[in-house]
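Right, one structure below, let's go through it.
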2 protein chains.
Amino acid sequence: MQDHEQIFSRFLAKKGLRLTLPRKQILDAVFSLHSHFDAEQLFDVLRIRNAEVSLATVYRTLPLLLESGLIQHSMRQESRDIYEHIFGHPRHLHWICRQCGSVSETSLDNIMPFLERAAQEQHFELEDFSLNLMGLCWRCKNENRNQ
Amino acid sequence: MQDHEQIFSRFLAKKGLRLTLPRKQILDAVFSLHSHFDAEQLFDVLRIRNAEVSLATVYRTLPLLLESGLIQHSMRQESRDIYEHIFGHPRHLHWICRQCGSVSETSLDNIMPFLERAAQEQHFELEDFSLNLMGLCWRCKNENRNQ
DNA sequence: TCCTTGTTGAGAATGAATCTCATATATTTA
DNA sequence: TAAATATATGAGATTCATTCTCAACAAGGA
């Protein structure tokens with residue numbers, strides 16, 4: 001029964017930190033979301049859930065969640081850092097439309113072996129990475145064509 | 001003789017804009033650099049070269065250079081946007097060490113076909129992308145081991 | 001020459017992210 | 001159990017890269 005709370009709790013303990021109520025609430029809020037989020041959106045979710053957690057604590061907890069491997073930094077959009085949680089689903093890349101801002105995903109299965117081999121060649125210890133592809137989604141591409 | 005100035009000038013003309021002295025000086029400064037740079041560093045180079053260009057104009061010109069394809073956004077480090085110019089050298093990915101901040105590069109030749117095929121499948125018009133790999137460089141990895 | 005449009009510098013404004021600090025709450029030690 | 005130590009938190013101030021505003025200026029066309 002390796003649930004998120006347990007993983008986070010162990011991670012914190014290893015660092016001499018505690019799984020407090022605010023941290024628990026933030027963790028729950030993160031895993032209640034099924035898409036990308038930024039700090040402010042996460043804060044809104046917490047307010048809706050009547051969790052009395054300050055924005056400062058949200059910002060303080062995000063790096064911990066990152067380091068624990070429970071969430072990942074997925075991209076940067078409109079000068080905000082966007083995150084997403086990881087529940088065992090495979091790593092993916094993001095297709096970001098510069099016109100409508102939509103984001104879709106694709107599996108990275110075909111790329112991973114290449115990256116891992118390249119890292120080995122460099123003697124680089126790969127911890128995290130991001131692959132973001134910017135351009136026009138099919139919707140906007142068609143829309144522009146019809147004008 | 002397709003030099004950068006000509007490329008930029010044509011790009012600007014197409015948009016009804018002019019290649020002014022400040023823009024020319026910024027372009028020169030960009031191509032005088034042989035590594036990554038951010039807006040502030042570019043501004044410093046301009047000051048050293050006695051080019052009287054304001055920081056605001058630097059920030060205003062960067063998006064133009066991006067759109068013209070002469071530079072690309074290479075990554076974000078310490079909450080600053082980092083750019084690099086492109087002079088025909090192939091696209092590459094970045095290995096970013098989280099400890100010493102060093103950045104090294106690798107060719108993307110092996111990945112490009114995959115990305116292009118994936119884009120076609122999605123009917124996505126790929127304009128730009130970034131692949132950044134974070135972790136520990138061999139130097140820091142060894143250093144940590146010896147402690 | 002007049003008019004429209006693009007350009008610039010200087011400084012103000014923005015806003016995400018971080019920091020400060022006084023106060024609380026655990027955990028350890030005596 | 002009490003005192004000492006270390007960790008957490010909220011509220012608001014602060015930072016700092018980036019963007020915006022605005023007045024002055026320049027170029028090109030009618």
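Every chain in the structure tokens has a letter given in the order shown (A, B, ...), and although residue numbers restart at 1 in each chain, ligands are simply numbered from 1 in the order shown.
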
Report task. Give me, as a ChimeraX atom specification, the contact residues of chain D against chain A at a cut-off of 12 Å, counting only C-alpha atoms (C1' of nucleotides). Result -> /D:6-12,17-19

Convert the current residue selection to file output with C-alpha atoms (C1' of nucleotides), as a short mmCIF file (atom, residue, chain, number, x, y, z; two decimals), in the first residue's frame.
```cif
data_model
loop_
_atom_site.label_atom_id
_atom_site.label_comp_id
_atom_site.auth_asym_id
_atom_site.auth_seq_id
_atom_site.Cartn_x
_atom_site.Cartn_y
_atom_site.Cartn_z
"C1'" DA D 6 14.50 22.58 15.60
"C1'" DT D 7 10.90 22.74 12.30
"C1'" DA D 8 6.50 25.12 10.27
"C1'" DT D 9 3.44 28.54 9.28
"C1'" DG D 10 0.86 32.91 7.79
"C1'" DA D 11 1.01 37.54 6.54
"C1'" DG D 12 2.97 40.80 4.37
"C1'" DA D 17 13.09 39.87 -14.62
"C1'" DT D 18 10.09 41.52 -17.82
"C1'" DT D 19 6.57 44.54 -19.69
#
```

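The Cα RMSD between chain A and chain B, which share one sequence, comes to 0.1 Å after optimal superposition of the latter on the former.
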
Report task. Could you please determine the separation between atom CA of Ser104 of chain A and atom CA of Cys137 of chain A in Å, to one decimal place? Result -> 9.1 Å

Requested in this report: Run DSSP on the backbone and grab whatever in chain A lands in helix (DSSP H, G or I); send it over as a ChimeraX atom specification.
Outcome: /A:4-14,21-32,39-48,55-68,112-122,138-145

Mind running chain C against chain A at 9 Å and telling me each contacting residue's nearest atom pair with the distance in Å (one decimal), counting only C-alpha atoms (C1' of nucleotides), chain and number ascending, as a Markdown table?
```
| residue | atom | partner | partner_atom | distance |
| --- | --- | --- | --- | --- |
| C:DA16 | C1' | A:Arg80 | CA | 6.7 |
| C:DA17 | C1' | A:Tyr59 | CA | 7.7 |
| C:DT18 | C1' | A:Tyr59 | CA | 8.7 |
| C:DA26 | C1' | A:Arg18 | CA | 8.9 |
```

Requested in this report: Please report as number ranges by chain which residues of chain B come no farther than 10 Å from chain A, using only C-alpha atoms.
Outcome: B: 76, 79, 93-98, 104, 106, 110-111, 114-115, 118-120, 122-142

Query raised in the report: Quick one: residues within 10 Å of segment 8-14 of chain A, only C-alpha atoms (C1' of nucleotides) counted, chain neighbours fewer than 3 positions away excluded, as a list in words?
Result: Asp3, His4, Glu5, Leu17, Arg18, Leu19, Thr20, Arg23, Lys24, Leu27, Leu64, Leu65, Glu67, Ser68, Gly69 and Leu70 of chain A

Report task. May I have the residues within 7 Å of segment 28-34 of chain B as a PyMOL selection string, using only C-alpha atoms (C1' of nucleotides) and disregarding those fewer than 3 positions away in the same chain? Result -> chain B and resi 24-25+42+45-46+85

With C-alpha atoms retained, write the just-selected residues as a PDB file, in the first residue's frame.
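So the final result, stored in result15.pdb, reads:
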```pdb
ATOM      1  CA  LYS B  24      21.632  46.673 -35.803  1.00  0.00           C
ATOM      2  CA  GLN B  25      23.803  47.057 -32.708  1.00  0.00           C
ATOM      3  CA  LEU B  42      23.475  41.284 -23.858  1.00  0.00           C
ATOM      4  CA  VAL B  45      27.964  43.726 -24.089  1.00  0.00           C
ATOM      5  CA  LEU B  46      26.251  46.686 -25.714  1.00  0.00           C
ATOM      6  CA  HIS B  85      22.020  32.602 -31.723  1.00  0.00           C
TER       7      HIS B  85
END
```

Query raised in the report: Expressed in Å to a single decimal, how great is the separation between atom C1' of DA10 of chain C and atom CA of Glu84 of chain B?
Result: 27.7 Å

Report task. Compile the contact shell of DC19 of chain C as a list in words: residues with an atom at most 9 Å away, counting only C-alpha atoms (C1' of nucleotides), same-chain residues fewer than 4 positions apart removed. Result ->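 Result of the neighbour search: DA13, DT14 and DT15 of chain D.
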
Store the residues picked out above, limited to C-alpha atoms (C1' of nucleotides), as a PDB file, in the first residue's frame.
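Result file again10.pdb:
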```pdb
ATOM      1  C1'  DA D  13       7.184  42.917   2.530  1.00  0.00           C
ATOM      2  C1'  DT D  14      10.584  42.315  -0.962  1.00  0.00           C
ATOM      3  C1'  DT D  15      12.887  41.019  -5.101  1.00  0.00           C
TER       4       DT D  15
END
```

Report task. Could you jot down the atom CA of Gln99 of chain A to atom C1' of DG6 of chain C separation for me, Å, one decimal place? Result ->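 Interatomic distance, atom CA of Gln99 of chain A to atom C1' of DG6 of chain C: 25.1 Å.
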
Report task. Could you give me, as a PyMOL selection string, the residues within 10 Å of segment 20-28 of chain D, counting only C-alpha atoms (C1' of nucleotides) and dropping anything in the same chain fewer than 2 positions from it? Result -> (chain B and resi 18) or (chain C and resi 4-14) or (chain D and resi 18+30)

Requested in this report: Please report, as a list of chain:residue names, each residue of segment 73-121 of chain B to which DSSP assigns strand (DSSP E) when run on this structure's backbone.
Outcome: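 DSSP on the backbone gives strand (DSSP E) at B:His73, B:Ser74, B:Met75, B:Arg76, B:Gln77, B:Arg80, B:Asp81, B:Ile82, B:Tyr83, B:Glu84, B:His85, B:His92, B:Leu93, B:His94, B:Trp95, B:Ile96, B:Cys97, B:Val103, B:Ser104, B:Glu105, B:Thr106, B:Ser107.
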